[in-house]
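Engineer: Sharing a structure below in structure tokens format, with a few things to ask.
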Amino acid sequence: MRHRIPQFAHIFGSGVGGYEAGYYAYLWSDALTADAWEAFLEAKGPWDKAVAERLRKEVLSVGNTRDPGEAFRAFRGRDVNTDALMRKRGFMKPLAAKH
């Protein structure tokens, strides 16, 4: 544990290279996917055809022709909830699947 901070400081310490922005993008994409996964858990599970179709229609098939935030809101009915990422990483109690 004594090495964790110095080893992680290179990401944000230099301010050059743009790695900070890349790390943020990876973290944000993880928040999006965690919240999208919970849409399935809140429904009938990972094979729920209605949720899969909504994801395909509102997010996957539109690509970059639509604002990504709008696409996610159309899929989930709200903005991203970062609690899903916290649950995925073990900081909060996981959702119980309904199926």
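Letters for chains follow the order of the structure tokens (A, B, ...), residue numbers begin at 1 for each chain, and ligand numbers begin at 1 in the order shown.
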For Arg78 (chain A), find every residue with an atom within 12 Å (counting only C-alpha atoms), except residues of its own chain fewer than 2 positions away, and show them as number ranges by chain.
Structural biologist: A: 32, 35-36, 39, 69-76, 80-82
Engineer: Output N, CA, C and O atoms of each residue in that selection to a file, as a compact mmCIF listing (two decimals), in the first residue's frame.
Structural biologist:
```txt
# COMPACT_ATOMS: atom_id res chain seq x y z
N LEU A 32 -20.82 4.25 -17.69
CA LEU A 32 -21.89 4.04 -18.66
C LEU A 32 -22.27 2.56 -18.78
O LEU A 32 -23.45 2.20 -18.75
N ASP A 35 -24.03 1.22 -15.60
CA ASP A 35 -25.42 1.66 -15.51
C ASP A 35 -26.28 0.96 -16.56
O ASP A 35 -27.42 0.57 -16.28
N ALA A 36 -25.75 0.76 -17.75
CA ALA A 36 -26.49 0.04 -18.78
C ALA A 36 -26.75 -1.40 -18.35
O ALA A 36 -27.85 -1.94 -18.55
N ALA A 39 -29.68 -1.82 -16.16
CA ALA A 39 -30.98 -1.80 -16.84
C ALA A 39 -31.47 -3.23 -17.06
O ALA A 39 -32.65 -3.52 -16.92
N GLY A 69 -25.03 11.71 -24.74
CA GLY A 69 -25.85 11.90 -23.54
C GLY A 69 -27.32 11.73 -23.83
O GLY A 69 -28.06 11.10 -23.06
N GLU A 70 -27.76 12.27 -24.95
CA GLU A 70 -29.16 12.11 -25.36
C GLU A 70 -29.48 10.64 -25.64
O GLU A 70 -30.55 10.16 -25.29
N ALA A 71 -28.55 9.96 -26.29
CA ALA A 71 -28.77 8.55 -26.61
C ALA A 71 -28.89 7.73 -25.33
O ALA A 71 -29.79 6.89 -25.20
N PHE A 72 -28.02 7.99 -24.37
CA PHE A 72 -28.09 7.24 -23.12
C PHE A 72 -29.38 7.55 -22.37
O PHE A 72 -30.03 6.65 -21.84
N ARG A 73 -29.77 8.81 -22.35
CA ARG A 73 -31.03 9.20 -21.70
C ARG A 73 -32.23 8.52 -22.36
O ARG A 73 -33.17 8.10 -21.69
N ALA A 74 -32.19 8.40 -23.69
CA ALA A 74 -33.28 7.73 -24.39
C ALA A 74 -33.33 6.25 -24.01
O ALA A 74 -34.40 5.66 -23.88
N PHE A 75 -32.17 5.65 -23.81
CA PHE A 75 -32.10 4.24 -23.41
C PHE A 75 -32.53 4.04 -21.97
O PHE A 75 -33.39 3.20 -21.68
N ARG A 76 -31.98 4.84 -21.04
CA ARG A 76 -32.21 4.62 -19.61
C ARG A 76 -33.38 5.42 -19.06
O ARG A 76 -33.87 5.13 -17.99
N VAL A 80 -26.87 9.25 -16.58
CA VAL A 80 -26.08 8.17 -15.99
C VAL A 80 -26.11 8.30 -14.46
O VAL A 80 -25.97 9.39 -13.92
N ASN A 81 -26.26 7.17 -13.79
CA ASN A 81 -26.19 7.12 -12.34
C ASN A 81 -24.87 6.45 -11.99
O ASN A 81 -24.69 5.26 -12.21
N THR A 82 -23.95 7.22 -11.44
CA THR A 82 -22.62 6.69 -11.13
C THR A 82 -22.63 5.72 -9.95
O THR A 82 -21.62 5.06 -9.70
```
Engineer: Looking only at alpha helix (DSSP H) from DSSP on the backbone, list the matching residues of region 21-94 of chain A as an mmCIF file with C-alpha atoms, in the first residue's frame.
Structural biologist:
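Below is the file states_23.cif, written as the result:
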```cif
data_model
loop_
_atom_site.group_PDB
_atom_site.id
_atom_site.type_symbol
_atom_site.label_atom_id
_atom_site.label_comp_id
_atom_site.auth_asym_id
_atom_site.auth_seq_id
_atom_site.Cartn_x
_atom_site.Cartn_y
_atom_site.Cartn_z
ATOM 1 C CA ALA A 21 -8.104 12.803 -20.062
ATOM 2 C CA GLY A 22 -7.735 9.249 -21.299
ATOM 3 C CA TYR A 23 -8.038 7.843 -17.798
ATOM 4 C CA TYR A 24 -11.166 9.925 -17.215
ATOM 5 C CA ALA A 25 -12.641 8.624 -20.486
ATOM 6 C CA TYR A 26 -11.982 5.013 -19.446
ATOM 7 C CA LEU A 27 -13.591 5.649 -16.067
ATOM 8 C CA TRP A 28 -16.618 7.343 -17.644
ATOM 9 C CA SER A 29 -17.106 4.498 -20.121
ATOM 10 C CA ASP A 30 -17.053 2.096 -17.176
ATOM 11 C CA ALA A 31 -19.780 4.179 -15.490
ATOM 12 C CA LEU A 32 -21.894 4.036 -18.664
ATOM 13 C CA THR A 33 -21.567 0.289 -19.070
ATOM 14 C CA ALA A 34 -22.230 -0.395 -15.376
ATOM 15 C CA ASP A 35 -25.420 1.657 -15.509
ATOM 16 C CA ALA A 36 -26.493 0.039 -18.784
ATOM 17 C CA TRP A 37 -25.936 -3.407 -17.267
ATOM 18 C CA GLU A 38 -28.172 -2.486 -14.348
ATOM 19 C CA ALA A 39 -30.980 -1.803 -16.840
ATOM 20 C CA PHE A 40 -30.894 -5.521 -17.586
ATOM 21 C CA LEU A 41 -30.728 -6.458 -13.902
ATOM 22 C CA GLU A 42 -33.722 -4.245 -13.161
ATOM 23 C CA LYS A 49 -35.151 -8.708 -25.293
ATOM 24 C CA ALA A 50 -36.959 -5.415 -24.609
ATOM 25 C CA VAL A 51 -33.940 -3.870 -22.871
ATOM 26 C CA ALA A 52 -31.588 -5.220 -25.541
ATOM 27 C CA GLU A 53 -33.761 -3.771 -28.289
ATOM 28 C CA ARG A 54 -33.918 -0.398 -26.527
ATOM 29 C CA LEU A 55 -30.100 -0.387 -26.189
ATOM 30 C CA PRO A 68 -24.155 10.426 -26.611
ATOM 31 C CA GLY A 69 -25.848 11.899 -23.536
ATOM 32 C CA GLU A 70 -29.161 12.110 -25.356
ATOM 33 C CA ALA A 71 -28.767 8.552 -26.607
ATOM 34 C CA PHE A 72 -28.087 7.236 -23.115
ATOM 35 C CA ARG A 73 -31.031 9.196 -21.696
ATOM 36 C CA ALA A 74 -33.282 7.727 -24.393
ATOM 37 C CA PHE A 75 -32.100 4.239 -23.411
ATOM 38 C CA ARG A 76 -32.209 4.619 -19.612
ATOM 39 C CA ASP A 83 -23.862 4.586 -8.205
ATOM 40 C CA ALA A 84 -23.847 1.687 -10.661
ATOM 41 C CA LEU A 85 -20.070 2.066 -11.046
ATOM 42 C CA MET A 86 -19.662 2.191 -7.275
ATOM 43 C CA ARG A 87 -21.661 -1.025 -6.978
ATOM 44 C CA LYS A 88 -19.627 -2.670 -9.736
#
```
Engineer: If you measure from CA of Tyr19 (chain A) to CA of Val62 (chain A), what distance in Å do you get, rounded to one decimal?
Structural biologist: 28.2 Å
Engineer: Take CA of Arg66 (chain A) and CA of Gly45 (chain A) and report the distance between them in Å, one decimal.
Structural biologist: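 It comes out at 27.2 Å.
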